[in-house]
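> Once you've had a glance at the structure underneath, I'll fire off some questions.
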Amino acid sequence: MAECKTSFHSDGLDNILLLDRTQHLEESDILYPFALDELLCRHTGKGGPAVCHLWRHPRGFVMGLRDSRLPHAAEAQKWLESLGYSTAVRSTGGAAVPLDLGVVNISLILPKEGLGDKCFRSDYERMYQLIKLALQNTGYTVDKGEIDGAYCPGDYDLSIGGIKFCGIAQRRQAHAFVVQAFVICEGSGKESAGLVRAFYERAALGVAHVDHPIVTEDKTGSLEELASLSSSVGSGAAQVFIESIKQVIRERQSKLSLEQAALGLWLPEPEQVHAVIHTLRERYGIKT
């Protein structure tokens, strides 16, 4: 059986292009970055370059497919929207996650290479290694493994001292895939966990057998809280983390490979992204 390699330098990240949209906050629909990932992934699968897409959203709440099937999911969604959240059900795996400017989202958009779906766990490993390298100067150990009580639990929860700060999911297409991570950099993990818990209380009201994550308010934290992440010039933890991710990627780039990758770069027009948003909402949206 062929071995799935997880060595960071052999994963094709030497020619990955950086797409930093963390300051592009004009699109209010939380599905915009997910639809953009969908289109970029299609292009990568047709021979386009690998991309590291960094983005944030000022006030969003994304749900998993299982969340959308809870009996009162539609009412819970309306409650969130009354609080000013842009909401959506995502096509990637995972469960409910709140997003704000303190959460940095990373999408690694990469081509499948020979082994296809046999190496999906090594794709999670690739994201883990990227984030661990970005945080190595903090002096804190980044662990992986499910954290009971955290929201959006999974085998690749990333944590410091037993407190989760990052979750990873992925979306696979025929010839390429997207590995997505949300990284809580700033703010209160207790408050964000409380919001997710309140969502589930509304969405699952009256259900005798719980079919959703049991969220407690003491198992999720931000890098600001867990690793004292900040800079000497007053930059917030989110910006410090963004720059650290970009540095890790840039250290593995070469001028020649970047020039070759840039020749194949394609960015869709906003109307193309909005067309995919419509499709995603029709396909995965909560049915009322």
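Convention: chains lettered A, B, ... in structure tokens order; per-chain residue numbering from 1; ligands numbered from 1 as shown.
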So which residues touch segment 163-172 of chain A within 9 Å, counting only C-alpha atoms, skipping near sequence neighbours fewer than 6 positions away, as a PyMOL selection string?
chain A and resi 38+41+91-94+107+117+120+123-124+127-128+146-147+150-157+178-185+189+218-223+226
> Give me the residues near Ile277 of chain A as a PyMOL selection string, where near means some atom within 9 Å (using only C-alpha atoms) and where sequence neighbours in that chain fewer than 3 positions away do not count.
chain A and resi 29+31-32+34-36+272-274+280-282
> Expressed in Å to a single decimal, how great is the separation between atom CA of Val248 of chain A and atom CA of Thr22 of chain A?
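It comes out at 16.9 Å.
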> Measuring atom to atom with only C-alpha atoms, identify which of A:Ile160, A:Pro71, A:Arg42, A:Arg56 is nearest to Asp211 of chain A.
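Using only C-alpha atoms, the shortest distance to Asp211 of chain A belongs to A:Pro71.
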> If you run DSSP on the backbone, which residues of segment 89-208 of chain A are alpha helix (DSSP H), as a ChimeraX atom specification?
/A:120-134,189-203
> For the residues selected in the previous step, produce a file with C-alpha atoms as a compact mmCIF listing (two decimals), in the first residue's frame.

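Done, and the output landed in selection-v5.txt:
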# COMPACT_ATOMS: atom_id res chain seq x y z
CA PHE A 120 -7.38 12.60 3.44
CA ARG A 121 -5.97 12.32 6.99
CA SER A 122 -2.57 13.53 5.80
CA ASP A 123 -4.35 16.60 4.41
CA TYR A 124 -5.53 17.41 7.93
CA GLU A 125 -1.97 16.78 9.08
CA ARG A 126 -0.71 19.31 6.55
CA MET A 127 -2.89 22.05 8.07
CA TYR A 128 -1.84 21.03 11.58
CA GLN A 129 1.82 21.34 10.65
CA LEU A 130 1.26 24.76 9.07
CA ILE A 131 -0.46 26.13 12.18
CA LYS A 132 2.04 24.52 14.54
CA LEU A 133 4.93 26.10 12.63
CA ALA A 134 3.20 29.49 12.70
CA GLY A 189 -13.59 31.53 24.09
CA LYS A 190 -16.17 31.35 26.86
CA GLU A 191 -18.43 33.84 25.09
CA SER A 192 -18.21 32.14 21.69
CA ALA A 193 -18.89 28.74 23.29
CA GLY A 194 -21.87 30.25 25.10
CA LEU A 195 -23.32 31.44 21.78
CA VAL A 196 -22.98 27.96 20.23
CA ARG A 197 -24.52 26.37 23.30
CA ALA A 198 -27.48 28.79 23.13
CA PHE A 199 -27.94 27.93 19.44
CA TYR A 200 -28.16 24.21 20.22
CA GLU A 201 -30.55 24.82 23.11
CA ARG A 202 -32.93 26.50 20.67
CA ALA A 203 -32.33 24.20 17.69
> Find the residues near Ser254 of chain A: any atom within 12 Å, counting only C-alpha atoms, skip ones fewer than 5 places away on the same chain, and give them as a list in words.
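Result of the neighbour search: Gly12, Leu13, Asp14, Asn15, Ile16, Leu17, Ile249, Glu259, Gln260, Ala261 and Ala262 of chain A.
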> Give me the residues within 12 Å of Ser244 of chain A as a ChimeraX atom specification, counting only C-alpha atoms and dropping any in the same chain fewer than 5 places off.
/A:54,104,130-138,229-231,237-239,249-251
> Give me every strand (DSSP E) residue in segment 11-51 of chain A, going by DSSP on the backbone, as a list in words.
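For segment 11-51 of chain A, the strand (DSSP E) set is Leu17, Leu18, Leu19, Asp20, Arg21 and Val51 of chain A.
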> Measuring atom to atom with only C-alpha atoms, identify which of A:Arg252, A:His57, A:Arg90, A:Arg69 is nearest to Glu26 of chain A.
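Comparing A:Arg252, A:His57, A:Arg90, A:Arg69 against Glu26 of chain A, the winner is A:His57.
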